[in-house]
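Asks: My structure file model-v4.txt, compact mmCIF, C-alpha atoms and all ligand atoms, is below:
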```
# COMPACT_ATOMS: atom_id res chain seq x y z
CA MET T 1 -2.25 -13.52 25.65
CA SER T 2 0.36 -11.14 27.03
CA THR T 3 -1.89 -8.84 29.05
CA PRO T 4 -0.02 -9.45 32.35
CA HIS T 5 3.27 -8.42 30.79
CA VAL T 6 1.77 -5.46 29.00
CA LEU T 7 0.40 -4.26 32.36
CA LEU T 8 3.82 -4.75 33.94
CA GLY T 9 5.25 -2.66 31.13
CA LEU T 10 2.71 0.09 31.70
CA LEU T 11 3.69 0.19 35.38
CA ALA T 12 7.39 0.55 34.56
CA ASP T 13 7.35 4.35 34.66
CA GLY T 14 5.49 4.60 37.98
CA PRO T 15 2.48 3.39 39.98
CA LYS T 16 -0.97 3.49 38.42
CA HIS T 17 -4.41 2.37 39.42
CA GLY T 18 -6.65 0.07 37.44
CA TYR T 19 -8.47 2.78 35.54
CA ASP T 20 -5.22 4.45 34.44
CA LEU T 21 -3.90 1.08 33.35
CA LYS T 22 -6.91 0.38 31.17
CA ARG T 23 -6.64 3.82 29.57
CA ALA T 24 -2.89 3.52 29.01
CA HIS T 25 -3.36 0.05 27.52
CA ASP T 26 -5.96 1.21 24.99
CA LEU T 27 -3.92 4.30 24.15
CA LYS T 28 -0.58 2.55 23.62
CA LEU T 29 -2.06 -0.37 21.70
CA PRO T 30 -4.64 1.64 19.75
CA ARG T 31 -5.58 -1.07 17.32
CA ALA T 32 -5.58 -4.01 19.71
CA LYS T 33 -8.78 -5.20 21.32
CA PRO T 34 -9.51 -2.86 24.26
CA VAL T 35 -8.89 -4.58 27.58
CA ALA T 36 -11.91 -4.90 29.90
CA PHE T 37 -11.83 -3.40 33.40
CA GLY T 38 -12.64 -6.80 34.86
CA GLN T 39 -9.63 -8.26 33.11
CA VAL T 40 -7.35 -5.51 34.41
CA TYR T 41 -8.42 -6.14 38.02
CA ALA T 42 -8.27 -9.91 37.70
CA THR T 43 -4.80 -9.66 36.19
CA LEU T 44 -3.61 -7.25 38.87
CA GLY T 45 -4.86 -9.73 41.45
CA ARG T 46 -2.76 -12.50 39.96
CA LEU T 47 0.29 -10.25 39.63
CA VAL T 48 -0.02 -9.34 43.33
CA ARG T 49 -0.39 -13.02 44.25
CA ASP T 50 2.79 -13.81 42.27
CA GLY T 51 4.69 -10.97 43.92
CA LEU T 52 5.25 -9.04 40.70
CA VAL T 53 3.34 -5.95 41.77
CA VAL T 54 2.29 -4.55 45.16
CA PRO T 55 -0.42 -2.10 46.16
CA ALA T 56 1.12 1.34 46.54
CA GLY T 57 -1.48 3.33 48.42
CA GLN T 58 -4.95 4.61 47.74
CA ASP T 59 -6.47 7.86 46.61
CA ARG T 60 -8.26 9.43 49.54
CA ASP T 61 -12.05 8.95 49.83
CA ALA T 62 -12.08 6.44 47.01
CA GLY T 63 -13.11 2.80 46.99
CA PRO T 64 -10.85 -0.19 46.43
CA ASP T 65 -10.83 0.66 42.68
CA ARG T 66 -8.56 3.57 43.42
CA THR T 67 -5.76 1.42 44.78
CA SER T 68 -2.63 2.06 42.79
CA TYR T 69 -0.03 -0.59 42.10
CA GLU T 70 3.68 -0.59 41.51
CA LEU T 71 6.25 -3.02 40.16
CA THR T 72 8.38 -5.07 42.54
CA GLU T 73 11.98 -5.96 41.77
CA GLU T 74 10.73 -9.38 40.72
CA GLY T 75 8.16 -7.72 38.49
CA ARG T 76 10.86 -5.69 36.77
CA ASN T 77 12.90 -8.84 36.15
CA ALA T 78 9.89 -10.73 34.83
CA LEU T 79 9.22 -7.87 32.40
CA LYS T 80 12.83 -7.86 31.18
CA GLU T 81 12.77 -11.61 30.66
CA TRP T 82 9.50 -11.49 28.77
CA ILE T 83 10.77 -8.81 26.37
CA ALA T 84 14.03 -10.68 25.78
CA ALA T 85 12.43 -14.09 25.16
CA VAL T 86 12.17 -14.93 21.46
CA GLU T 87 8.73 -16.20 20.49
CA ALA T 88 8.34 -19.51 18.66
CA PRO T 89 7.90 -18.69 14.97
CA MET T 90 4.39 -19.91 14.11
CA PRO T 91 4.46 -23.16 16.11
CA HIS T 92 0.99 -24.15 14.93
CA LEU T 93 -0.16 -23.69 11.37
CA SER T 94 -3.70 -22.98 12.38
CA SER T 95 -6.02 -20.32 11.18
CA VAL T 96 -9.70 -20.14 10.36
CA LEU T 97 -8.69 -19.15 6.81
CA LEU T 98 -6.65 -22.30 6.40
CA ALA T 99 -9.32 -24.48 8.03
CA LYS T 100 -12.04 -23.23 5.69
CA VAL T 101 -10.04 -23.96 2.55
CA VAL T 102 -8.98 -27.38 3.77
CA VAL T 103 -12.53 -28.29 4.72
CA ALA T 104 -13.98 -27.01 1.42
CA LEU T 105 -11.48 -29.17 -0.47
CA LEU T 106 -12.20 -32.08 1.84
CA VAL T 107 -15.86 -32.01 0.90
CA GLY T 108 -14.77 -31.83 -2.71
CA ASP T 109 -16.08 -28.37 -3.43
CA ALA T 110 -13.24 -26.59 -5.23
CA ASP T 111 -15.60 -23.93 -6.58
CA GLN T 112 -16.73 -23.00 -3.11
CA ALA T 113 -13.13 -22.90 -1.97
CA ARG T 114 -12.26 -20.51 -4.81
CA GLU T 115 -15.24 -18.29 -4.15
CA TYR T 116 -14.35 -18.13 -0.49
CA LEU T 117 -10.70 -17.37 -1.29
CA ALA T 118 -11.63 -14.57 -3.69
CA ALA T 119 -14.10 -13.05 -1.22
CA GLN T 120 -11.58 -13.27 1.61
CA ARG T 121 -8.97 -11.70 -0.63
CA ALA T 122 -11.31 -8.78 -1.32
CA ALA T 123 -12.03 -8.29 2.40
CA HIS T 124 -8.32 -8.42 3.24
CA THR T 125 -7.62 -5.84 0.53
CA VAL T 126 -10.15 -3.41 2.00
CA ARG T 127 -8.59 -3.76 5.45
CA LEU T 128 -5.09 -3.36 4.00
CA ARG T 129 -6.18 -0.12 2.35
CA GLU T 130 -7.59 1.17 5.67
CA LEU T 131 -4.37 0.47 7.52
CA THR T 132 -2.29 1.98 4.71
CA GLY T 133 -4.41 5.12 5.12
CA VAL T 134 -3.12 5.37 8.71
CA LYS T 135 0.42 5.68 7.36
CA THR T 136 -0.40 8.54 4.99
CA ASP T 137 -2.35 10.38 7.70
CA ALA T 138 -0.20 13.28 8.90
CA ALA T 139 -1.85 13.10 12.34
CA ALA T 140 -0.87 9.46 12.98
CA SER T 141 1.41 8.86 15.99
CA LEU T 142 4.39 6.52 15.98
CA SER T 143 2.39 3.85 17.82
CA ASP T 144 -0.41 4.19 15.26
CA VAL T 145 2.08 3.68 12.43
CA ILE T 146 3.85 0.77 14.11
CA ALA T 147 0.52 -0.94 14.80
CA ALA T 148 -0.56 -0.31 11.20
CA ASP T 149 2.73 -1.77 9.92
CA PHE T 150 2.12 -4.88 12.00
CA GLY T 151 -1.35 -5.35 10.51
CA ILE T 152 -0.13 -4.57 7.01
CA ALA T 153 2.67 -7.13 7.15
CA HIS T 154 0.30 -9.85 8.35
CA LEU T 155 -2.39 -9.00 5.82
CA ASP T 156 0.27 -9.01 3.12
CA ALA T 157 1.35 -12.51 4.17
CA ASP T 158 -2.28 -13.70 4.20
CA LEU T 159 -2.91 -12.11 0.81
CA ARG T 160 0.08 -13.85 -0.75
CA TRP T 161 -1.14 -17.14 0.63
CA LEU T 162 -4.71 -16.47 -0.53
CA GLN T 163 -3.50 -15.68 -4.06
CA THR T 164 -1.18 -18.66 -4.27
CA THR T 165 -3.90 -20.96 -2.98
CA LEU T 166 -6.38 -19.48 -5.43
CA ASP T 167 -3.93 -20.25 -8.25
CA ARG T 168 -3.31 -23.78 -6.99
CA VAL T 169 -6.99 -24.55 -6.62
CA ALA T 170 -7.66 -23.08 -10.08
CA ASP T 171 -4.98 -25.38 -11.55
CA LEU T 172 -6.53 -28.32 -9.76
CA HIS T 173 -9.93 -27.28 -11.08
CA ARG T 174 -8.60 -27.10 -14.67
CA GLU T 175 -6.97 -30.52 -14.33
CA VAL T 176 -10.18 -32.08 -13.05
CA THR T 177 -12.49 -30.47 -15.60
CA THR T 178 -10.31 -31.11 -18.67
CA ARG T 179 -9.57 -34.71 -17.87
CA MET Q 1 -18.19 9.46 -19.64
CA SER Q 2 -15.29 8.92 -17.26
CA TYR Q 3 -12.34 11.25 -17.03
CA LEU Q 4 -10.02 8.64 -18.49
CA SER Q 5 -11.42 5.52 -20.08
CA ALA Q 6 -10.53 2.62 -22.29
CA ARG Q 7 -12.92 0.41 -24.24
CA GLY Q 8 -12.08 -2.98 -25.68
CA LEU Q 9 -8.32 -2.44 -25.70
CA VAL Q 10 -6.43 -5.05 -27.70
CA ARG Q 11 -2.71 -4.99 -28.14
CA SER Q 12 -0.17 -7.63 -29.19
CA TYR Q 13 3.59 -7.66 -29.57
CA GLY Q 14 4.07 -9.69 -32.73
CA ARG Q 15 2.19 -12.87 -31.95
CA THR Q 16 2.16 -12.35 -28.19
CA PRO Q 17 -1.17 -10.97 -27.02
CA ALA Q 18 -0.74 -8.50 -24.15
CA LEU Q 19 -4.22 -7.01 -23.89
CA ARG Q 20 -7.29 -8.93 -24.99
CA GLY Q 21 -10.17 -6.52 -24.67
CA VAL Q 22 -9.76 -4.40 -21.56
CA ASN Q 23 -12.25 -1.79 -20.31
CA VAL Q 24 -11.12 0.76 -17.75
CA ASP Q 25 -12.80 3.80 -16.23
CA VAL Q 26 -10.94 6.27 -14.06
CA GLU Q 27 -12.60 9.29 -12.48
CA GLU Q 28 -10.94 12.65 -11.89
CA GLY Q 29 -8.86 12.79 -8.72
CA GLU Q 30 -8.96 9.03 -8.18
CA ILE Q 31 -5.91 6.98 -7.32
CA VAL Q 32 -6.38 3.66 -9.08
CA ALA Q 33 -4.06 0.71 -8.66
CA VAL Q 34 -3.65 -1.71 -11.58
CA THR Q 35 -2.55 -5.09 -10.28
CA GLY Q 36 -2.01 -8.63 -11.46
CA PRO Q 37 0.72 -11.21 -11.96
CA SER Q 38 3.83 -10.62 -14.01
CA GLY Q 39 3.09 -10.53 -17.73
CA CYS Q 40 -0.66 -9.93 -17.36
CA GLY Q 41 -0.45 -6.67 -19.35
CA LYS Q 42 -0.25 -3.95 -16.68
CA SER Q 43 2.56 -1.97 -18.29
CA THR Q 44 1.03 -2.34 -21.74
CA LEU Q 45 -2.27 -0.98 -20.41
CA LEU Q 46 -0.51 1.95 -18.76
CA HIS Q 47 1.37 2.77 -21.97
CA CYS Q 48 -1.87 2.70 -23.95
CA LEU Q 49 -3.68 4.92 -21.42
CA ALA Q 50 -0.80 7.40 -21.41
CA GLY Q 51 -0.71 7.60 -25.19
CA ILE Q 52 2.78 6.11 -25.38
CA LEU Q 53 1.57 2.99 -27.22
CA ARG Q 54 -1.27 2.75 -29.68
CA PRO Q 55 -3.68 -0.14 -29.19
CA ASP Q 56 -4.34 -2.49 -32.12
CA ALA Q 57 -8.06 -2.14 -31.44
CA GLY Q 58 -10.28 -0.32 -28.99
CA GLU Q 59 -10.42 3.27 -27.82
CA VAL Q 60 -8.79 5.45 -25.20
CA SER Q 61 -10.54 8.67 -24.19
CA TYR Q 62 -9.34 11.46 -21.96
CA ARG Q 63 -11.79 14.17 -20.86
CA GLY Q 64 -14.22 13.14 -23.54
CA GLN Q 65 -11.75 13.05 -26.44
CA ARG Q 66 -10.24 10.07 -28.24
CA ILE Q 67 -6.49 10.13 -27.78
CA ASP Q 68 -5.51 6.85 -29.43
CA THR Q 69 -6.29 8.32 -32.84
CA LEU Q 70 -4.15 11.42 -32.32
CA SER Q 71 -0.91 11.83 -34.25
CA GLU Q 72 2.40 10.95 -32.62
CA GLY Q 73 3.14 14.67 -32.21
CA ALA Q 74 -0.21 15.46 -30.62
CA ARG Q 75 0.16 12.58 -28.17
CA ALA Q 76 3.67 13.74 -27.30
CA ALA Q 77 2.28 17.22 -26.60
CA LEU Q 78 -0.39 15.70 -24.37
CA ARG Q 79 2.26 13.81 -22.44
CA ARG Q 80 4.25 17.03 -21.96
CA THR Q 81 1.35 19.12 -20.73
CA GLU Q 82 -1.41 16.96 -19.25
CA PHE Q 83 0.28 13.72 -18.23
CA GLY Q 84 3.21 12.83 -16.01
CA VAL Q 85 4.97 9.47 -16.04
CA LEU Q 86 7.08 7.78 -13.41
CA PHE Q 87 8.81 4.43 -13.93
CA GLN Q 88 10.60 1.98 -11.69
CA PHE Q 89 13.96 3.55 -12.39
CA GLY Q 90 13.37 7.29 -12.47
CA GLN Q 91 15.45 7.66 -15.63
CA LEU Q 92 17.08 10.89 -14.61
CA VAL Q 93 19.62 12.28 -17.09
CA ALA Q 94 23.00 11.31 -15.64
CA GLU Q 95 24.81 14.44 -16.82
CA LEU Q 96 22.33 16.86 -15.27
CA THR Q 97 21.94 17.91 -11.64
CA ALA Q 98 18.76 17.14 -9.73
CA ALA Q 99 17.46 20.69 -10.24
CA GLU Q 100 18.24 20.56 -13.99
CA ASN Q 101 16.52 17.18 -14.29
CA VAL Q 102 13.40 18.45 -12.58
CA ALA Q 103 13.39 21.66 -14.64
CA LEU Q 104 13.75 19.75 -17.91
CA PRO Q 105 10.04 19.08 -18.62
CA LEU Q 106 9.30 22.78 -18.09
CA LEU Q 107 12.12 23.86 -20.42
CA LEU Q 108 10.81 21.44 -23.05
CA ALA Q 109 7.37 23.00 -22.64
CA GLY Q 110 8.85 26.46 -23.27
CA THR Q 111 9.10 27.86 -19.74
CA GLY Q 112 11.96 30.35 -19.18
CA ARG Q 113 15.15 29.12 -17.47
CA ARG Q 114 14.75 31.18 -14.30
CA GLU Q 115 11.15 30.26 -13.73
CA ALA Q 116 11.86 26.60 -14.47
CA ARG Q 117 14.68 26.52 -11.93
CA THR Q 118 12.56 28.17 -9.26
CA ALA Q 119 9.75 25.67 -9.82
CA ALA Q 120 12.24 22.77 -9.79
CA LEU Q 121 13.71 23.89 -6.47
CA SER Q 122 10.29 24.23 -4.93
CA TRP Q 123 9.33 20.69 -6.01
CA LEU Q 124 12.59 19.25 -4.73
CA ASP Q 125 11.81 20.98 -1.45
CA ARG Q 126 8.31 19.48 -1.30
CA LEU Q 127 9.86 16.04 -1.70
CA GLY Q 128 12.36 16.72 1.03
CA VAL Q 129 15.44 16.64 -1.23
CA ALA Q 130 16.12 20.38 -1.67
CA ASP Q 131 19.66 19.88 -0.40
CA LEU Q 132 20.42 17.61 -3.36
CA ALA Q 133 19.58 20.25 -5.99
CA ASP Q 134 23.11 20.49 -7.34
CA GLN Q 135 24.03 16.82 -7.17
CA ARG Q 136 24.00 14.47 -10.13
CA PRO Q 137 22.00 11.19 -10.04
CA GLY Q 138 25.20 9.16 -9.67
CA GLU Q 139 25.81 10.88 -6.34
CA MET Q 140 22.41 9.99 -4.87
CA SER Q 141 20.84 6.87 -3.34
CA GLY Q 142 18.07 5.07 -5.23
CA GLY Q 143 15.45 6.54 -2.92
CA GLN Q 144 16.78 10.06 -3.40
CA GLN Q 145 16.86 9.62 -7.18
CA GLN Q 146 13.30 8.37 -7.15
CA ARG Q 147 12.14 11.38 -5.14
CA CYS Q 148 13.77 13.62 -7.74
CA ALA Q 149 11.96 11.61 -10.41
CA VAL Q 150 8.66 12.19 -8.58
CA ALA Q 151 9.44 15.91 -8.51
CA ARG Q 152 10.18 15.81 -12.24
CA SER Q 153 6.95 13.97 -13.01
CA LEU Q 154 4.90 16.51 -11.05
CA VAL Q 155 6.69 19.77 -11.93
CA THR Q 156 4.42 20.39 -14.92
CA GLU Q 157 1.41 19.89 -12.60
CA PRO Q 158 -0.05 17.13 -14.74
CA ARG Q 159 -3.71 16.25 -14.48
CA VAL Q 160 -2.92 12.54 -14.65
CA LEU Q 161 0.15 10.81 -13.23
CA PHE Q 162 1.01 7.37 -14.61
CA CYS Q 163 3.29 5.30 -12.36
CA ASP Q 164 4.73 1.89 -13.26
CA GLU Q 165 6.20 0.12 -10.20
CA PRO Q 166 7.45 3.47 -8.89
CA THR Q 167 8.97 1.88 -5.80
CA GLY Q 168 10.00 -1.45 -7.30
CA ALA Q 169 13.69 -0.74 -6.77
CA LEU Q 170 13.42 0.66 -3.24
CA ASP Q 171 13.41 -0.90 0.21
CA SER Q 172 10.13 -0.73 2.08
CA LEU Q 173 10.73 2.44 4.09
CA ALA Q 174 12.14 4.36 1.12
CA GLY Q 175 9.22 3.09 -0.96
CA GLU Q 176 6.77 4.14 1.71
CA GLN Q 177 8.17 7.67 1.67
CA VAL Q 178 7.95 7.96 -2.10
CA LEU Q 179 4.38 6.61 -2.14
CA GLY Q 180 3.43 8.87 0.76
CA HIS Q 181 4.65 11.88 -1.22
CA ILE Q 182 2.84 10.81 -4.38
CA VAL Q 183 -0.46 10.27 -2.55
CA ARG Q 184 -0.24 13.46 -0.52
CA LEU Q 185 0.68 15.63 -3.50
CA ALA Q 186 -1.93 14.00 -5.71
CA ARG Q 187 -4.63 14.71 -3.13
CA GLU Q 188 -3.46 18.32 -2.77
CA GLN Q 189 -3.47 18.94 -6.51
CA ARG Q 190 -6.44 16.71 -7.28
CA THR Q 191 -4.21 14.78 -9.65
CA THR Q 192 -5.57 11.52 -11.02
CA VAL Q 193 -3.12 8.66 -10.52
CA VAL Q 194 -2.85 5.32 -12.31
CA LEU Q 195 -0.51 3.17 -10.27
CA VAL Q 196 0.72 -0.08 -11.79
CA THR Q 197 2.12 -2.62 -9.35
CA HIS Q 198 2.25 -6.32 -8.58
CA ASP Q 199 2.73 -5.56 -4.88
CA VAL Q 200 -0.42 -5.62 -2.72
CA GLN Q 201 1.11 -3.23 -0.20
CA VAL Q 202 1.75 -0.67 -2.93
CA ALA Q 203 -1.71 -1.20 -4.44
CA ALA Q 204 -3.23 -0.42 -1.02
CA TYR Q 205 -2.24 3.23 -1.48
CA GLY Q 206 -4.93 3.43 -4.16
CA ASP Q 207 -8.62 4.16 -3.62
CA ARG Q 208 -9.45 1.03 -5.57
CA GLU Q 209 -7.90 -1.70 -7.64
CA ILE Q 210 -8.27 -2.91 -11.20
CA MET Q 211 -7.14 -6.53 -11.39
CA LEU Q 212 -5.76 -7.86 -14.66
CA ARG Q 213 -5.12 -11.43 -15.62
CA ASP Q 214 -3.85 -12.73 -18.95
CA GLY Q 215 -4.59 -9.44 -20.67
CA ALA Q 216 -8.15 -9.08 -19.42
CA ALA Q 217 -9.84 -7.48 -16.44
CA ASP Q 218 -10.50 -9.92 -13.61
CA PRO Q 219 -13.09 -8.13 -11.47
CA THR Q 220 -13.90 -11.07 -9.17
CA GLY Q 221 -10.28 -12.02 -8.63
CA LEU Q 222 -11.22 -15.60 -9.42
CA GLY Q 223 -8.82 -15.70 -12.31
CA THR Q 224 -11.66 -16.51 -14.69
CA VAL Q 225 -10.44 -15.40 -18.05
CA ALA Q 226 -13.16 -13.85 -20.14
CA ALA Q 227 -12.25 -11.11 -22.57
CA GLN Q 228 -14.60 -8.18 -22.26
CA ARG Q 229 -16.40 -6.56 -25.10
N1 LIG P 301 8.32 -5.12 -26.10
C1 LIG P 301 7.77 -6.33 -26.06
N2 LIG P 301 7.98 -7.22 -27.00
C2 LIG P 301 7.39 -8.45 -26.98
N3 LIG P 301 6.55 -8.86 -26.03
C3 LIG P 301 6.28 -8.00 -25.02
C4 LIG P 301 6.88 -6.70 -24.99
N4 LIG P 301 6.42 -6.07 -23.90
C5 LIG P 301 5.58 -6.93 -23.27
N5 LIG P 301 5.49 -8.09 -23.95
C6 LIG P 301 4.64 -9.24 -23.58
O1 LIG P 301 3.32 -8.78 -23.38
C7 LIG P 301 2.73 -9.38 -22.24
C8 LIG P 301 2.31 -8.30 -21.26
O2 LIG P 301 3.47 -7.60 -20.84
P1 LIG P 301 3.46 -6.39 -19.82
O3 LIG P 301 4.83 -5.83 -19.80
O4 LIG P 301 2.36 -5.46 -20.17
O5 LIG P 301 3.10 -7.13 -18.46
P2 LIG P 301 3.19 -6.63 -16.95
O6 LIG P 301 1.91 -7.00 -16.33
O7 LIG P 301 3.60 -5.21 -16.91
O8 LIG P 301 4.32 -7.54 -16.33
P3 LIG P 301 5.39 -7.22 -15.16
O9 LIG P 301 4.64 -7.27 -13.86
O10 LIG P 301 6.36 -8.35 -15.26
O11 LIG P 301 6.00 -5.88 -15.45
C9 LIG P 301 3.75 -10.36 -21.71
O12 LIG P 301 3.47 -11.63 -22.22
C10 LIG P 301 5.07 -9.85 -22.27
O13 LIG P 301 5.96 -10.92 -22.46
MG MG P 302 5.30 -4.17 -16.17
```
Could you write out this structure as structure tokens?
Replies:
Amino acid sequence: MSTPHVLLGLLADGPKHGYDLKRAHDLKLPRAKPVAFGQVYATLGRLVRDGLVVPAGQDRDAGPDRTSYELTEEGRNALKEWIAAVEAPMPHLSSVLLAKVVVALLVGDADQAREYLAAQRAAHTVRLRELTGVKTDAAASLSDVIAADFGIAHLDADLRWLQTTLDRVADLHREVTTR
Amino acid sequence: MSYLSARGLVRSYGRTPALRGVNVDVEEGEIVAVTGPSGCGKSTLLHCLAGILRPDAGEVSYRGQRIDTLSEGARAALRRTEFGVLFQFGQLVAELTAAENVALPLLLAGTGRREARTAALSWLDRLGVADLADQRPGEMSGGQQQRCAVARSLVTEPRVLFCDEPTGALDSLAGEQVLGHIVRLAREQRTTVVLVTHDVQVAAYGDREIMLRDGAADPTGLGTVAAQR
């Protein structure tokens, strides 16, 4: 995904070593999947190779893990460009949710499709409630709230689609069974 | 028996059925969202639960007592003392200031003017609109008016708050603030809330959801219409 650019972003306010980067990543993107140490070091390696970051010294009596890294001029530019670039709005209409419904209909099992849709709707609703709880929690930070908003908006979109599809499949079902 | 419950509620408007046998149980202190597509009977259910409308058949009980059989006057008294209501458009009185609007339910309940004003100002403060106390609704934004309406619906410290699309006329941030206030204050006061909405994001402020469809409860969300007994 965008881990290299996120790491560049985390280096923007000064050099950090791998461990700091992992911690900062998980702190700033609290609801994203935590990044693995291995991934941080592998990514740093590629960023060094591409000239976007350079090693900036080492903590004394520490191993190679304590090397800290800083952004190069090129790295700063790459970060700016990445932030400014508009992402393609949903280039591929692919999702496991969509695939399951399509496949269920393909095998002619509208009932199973409806049951799946209703169960998925219920699971989405529970998650939506959890994330909404973040917003009413007085202790939530701005990044917590922004991350919750992101999840909420996407769950809302999924839920609308789930409900509409449920209605369409139910109509189809009525047509078939009353014919 | 539940704190607030309905059994087999049936209600029609002329020949249009709105509720076709609905059962509902709400426990004390719960925030329950009532959801479902437009026309499924959410508002009618809310009005029956709040004693505003009488069902054609079925029962509504509140703290172990039937309320659907009470006289119009007794139900009005219940709404003044035990229940609060909040609608999409706060329905503030245009000629009165924010503080006067919020004090109104207390004055109607017989509280003295001074005390009512003090309470009104403190509720406006809790909703973050204390500085609007002497403004009239026409001089406020929709979000500000709705916060005053929340203050008015809570000033009597009702045990149950009935909300019908309370943020339907607000943008998402203004709506979020109003809902945040309602939830926070309800938790503080252990107020039971029945929140009617067709919006899944609003419903998510509730502890759970009662789904309606074509005038009947739809517990599986499958849209299977089966009137309950
Ligand atoms: N005053 C009325 N006179 C006649 N029919 C009514 C009246 N109020 C509601 N209805 C009908 O009763 C049914 C249920 O209406 P209700 O207002 O309870 O639905 P709702 O779920 O609140 O809808 P919405 O989401 O659009 O507010 C609908 O078919 C509606 O047309
Ligand atoms: Mg309604």
Asks: With 7 Å as the cut-off and all atoms listed in the file counted, what is the closest atom pair between each nearby residue of chain Q and ligand MG 302 (chain P)? Distances in Å to one decimal, ordered by chain and number, as JSON lines.
Replies:
```
{"residue": "Q:Ser38", "atom": "CA", "partner": "P:MG302", "partner_atom": "MG", "distance": 7.0}
{"residue": "Q:Gly39", "atom": "CA", "partner": "P:MG302", "partner_atom": "MG", "distance": 6.9}
{"residue": "Q:Lys42", "atom": "CA", "partner": "P:MG302", "partner_atom": "MG", "distance": 5.6}
{"residue": "Q:Ser43", "atom": "CA", "partner": "P:MG302", "partner_atom": "MG", "distance": 4.1}
{"residue": "Q:Asp164", "atom": "CA", "partner": "P:MG302", "partner_atom": "MG", "distance": 6.7}
```
Asks: Contacts of Thr197 (chain Q) at 6 Å or less, counting only C-alpha atoms, minus same-chain residues fewer than 2 places along, as number ranges by chain?
Replies: Q: 35, 165, 199
Asks: Produce a table with one row for each residue of chain Q that has an atom at most 8 Å from any atom of ligand LIG 301 (chain P), each row naming the nearest atom pair and its distance in Å at one decimal; use all atoms listed in the file; arrange rows by chain and rising residue number; format as CSV.
Replies:
```
residue,atom,partner,partner_atom,distance
Q:Ser12,CA,P:LIG301,O1,6.9
Q:Tyr13,CA,P:LIG301,C2,4.7
Q:Gly14,CA,P:LIG301,C2,6.8
Q:Thr16,CA,P:LIG301,N3,6.0
Q:Pro17,CA,P:LIG301,O1,6.2
Q:Ala18,CA,P:LIG301,C7,4.1
Q:Leu19,CA,P:LIG301,C8,7.2
Q:Thr35,CA,P:LIG301,O6,7.8
Q:Gly36,CA,P:LIG301,O6,6.5
Q:Pro37,CA,P:LIG301,O9,5.9
Q:Ser38,CA,P:LIG301,O9,3.4
Q:Gly39,CA,P:LIG301,O5,3.5
Q:Cys40,CA,P:LIG301,O6,4.0
Q:Gly41,CA,P:LIG301,O4,3.2
Q:Lys42,CA,P:LIG301,O6,3.8
Q:Ser43,CA,P:LIG301,O7,3.7
Q:Thr44,CA,P:LIG301,O4,3.7
Q:Leu45,CA,P:LIG301,O4,6.4
Q:Glu165,CA,P:LIG301,O11,8.0
Q:Val196,CA,P:LIG301,O7,7.8
Q:Thr197,CA,P:LIG301,O9,7.0
Q:His198,CA,P:LIG301,O9,5.9
Q:Leu212,CA,P:LIG301,O6,7.9
Q:Asp214,CA,P:LIG301,C8,7.9
Q:Gly215,CA,P:LIG301,C8,7.0
```
Asks: What is the distance, in Å and to one decimal place, between CA of Val193 (chain Q) and CA of Ala169 (chain Q)?
Replies: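 Here the two named atoms are 19.6 Å from each other.
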Asks: Could you pull the residues within 9 Å of Leu132 (chain Q), counting only C-alpha atoms, minus those fewer than 4 positions along the same chain, as a ChimeraX atom specification?
Replies: /Q:97-99,124,136,140,144,148
Asks: Give the residues of chain T that lie within 8 Å of chain Q; count only C-alpha atoms, and format the answer as a list in words.
Replies: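 Every residue of chain T that passes the 8 Å test is in Arg114, Glu115, Ala118, Thr125, Leu128, Arg129, Thr132, Gly133, Lys135, Thr136, Ile152, Asp156, Leu159, Leu166, Asp167 and Ala170 of chain T.
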Asks: Could you state the separation of CA of Arg20 (chain Q) and CA of Asp218 (chain Q) in Å, given to one decimal place?
Replies: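 Pair CA of Arg20 (chain Q) / CA of Asp218 (chain Q) returns 11.9 Å.
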Asks: For CA of Leu172 (chain T) and CA of Arg15 (chain Q), determine how far apart the two atoms are, in Å to one decimal place.
Replies: 28.4 Å
Asks: Find the residue from T:His5, T:Ala157, T:His124, T:Asp137 that sits nearest to Arg46 (chain T); use all atoms listed in the file when measuring.
Replies: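 Distance minimum relative to Arg46 (chain T) lands on T:His5.
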Asks: So which one's closest to Asn77 (chain T), T:Ala99, T:Val145, T:Val53, T:Leu21? Using only C-alpha atoms, please.
Replies: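 Distance minimum relative to Asn77 (chain T) lands on T:Val53.
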Asks: For Gln39 (chain T), which of T:Ile146, T:Leu7, T:Leu105, T:Leu71 is the closest residue, counting all atoms listed in the file?
Replies: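 The answer is T:Leu7, which sits nearest to Gln39 (chain T).
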Asks: Neighbours of Lys100 (chain T) within 9 Å (all atoms listed in the file; same-chain residues fewer than 5 positions away dropped), as a PyMOL selection string?
Replies: chain T and resi 95+105+113+116
Asks: Would you mind telling me which residue in Q:Val26, Q:Ala217, Q:Ala119, Q:Ile52 lies nearest to Gly84 (chain Q) when using only C-alpha atoms?
Replies: Q:Ile52
Asks: Neighbours of Asp26 (chain T) within 12 Å (all atoms listed in the file; same-chain residues fewer than 4 positions away dropped), as a short mmCIF file (atom, residue, chain, number, x, y, z; two decimals) with C-alpha atoms, in the frame of the given file?
Replies:
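Output contents, as saved in result.cif:
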```cif
data_model
loop_
_atom_site.label_atom_id
_atom_site.label_comp_id
_atom_site.auth_asym_id
_atom_site.auth_seq_id
_atom_site.Cartn_x
_atom_site.Cartn_y
_atom_site.Cartn_z
CA THR T 3 -1.89 -8.84 29.05
CA VAL T 6 1.77 -5.46 29.00
CA LEU T 7 0.40 -4.26 32.36
CA LEU T 10 2.71 0.09 31.70
CA TYR T 19 -8.47 2.78 35.54
CA ASP T 20 -5.22 4.45 34.44
CA LEU T 21 -3.90 1.08 33.35
CA LYS T 22 -6.91 0.38 31.17
CA PRO T 30 -4.64 1.64 19.75
CA ARG T 31 -5.58 -1.07 17.32
CA ALA T 32 -5.58 -4.01 19.71
CA LYS T 33 -8.78 -5.20 21.32
CA PRO T 34 -9.51 -2.86 24.26
CA VAL T 35 -8.89 -4.58 27.58
CA ALA T 36 -11.91 -4.90 29.90
CA PHE T 37 -11.83 -3.40 33.40
CA VAL T 40 -7.35 -5.51 34.41
CA SER T 143 2.39 3.85 17.82
CA ASP T 144 -0.41 4.19 15.26
#
```
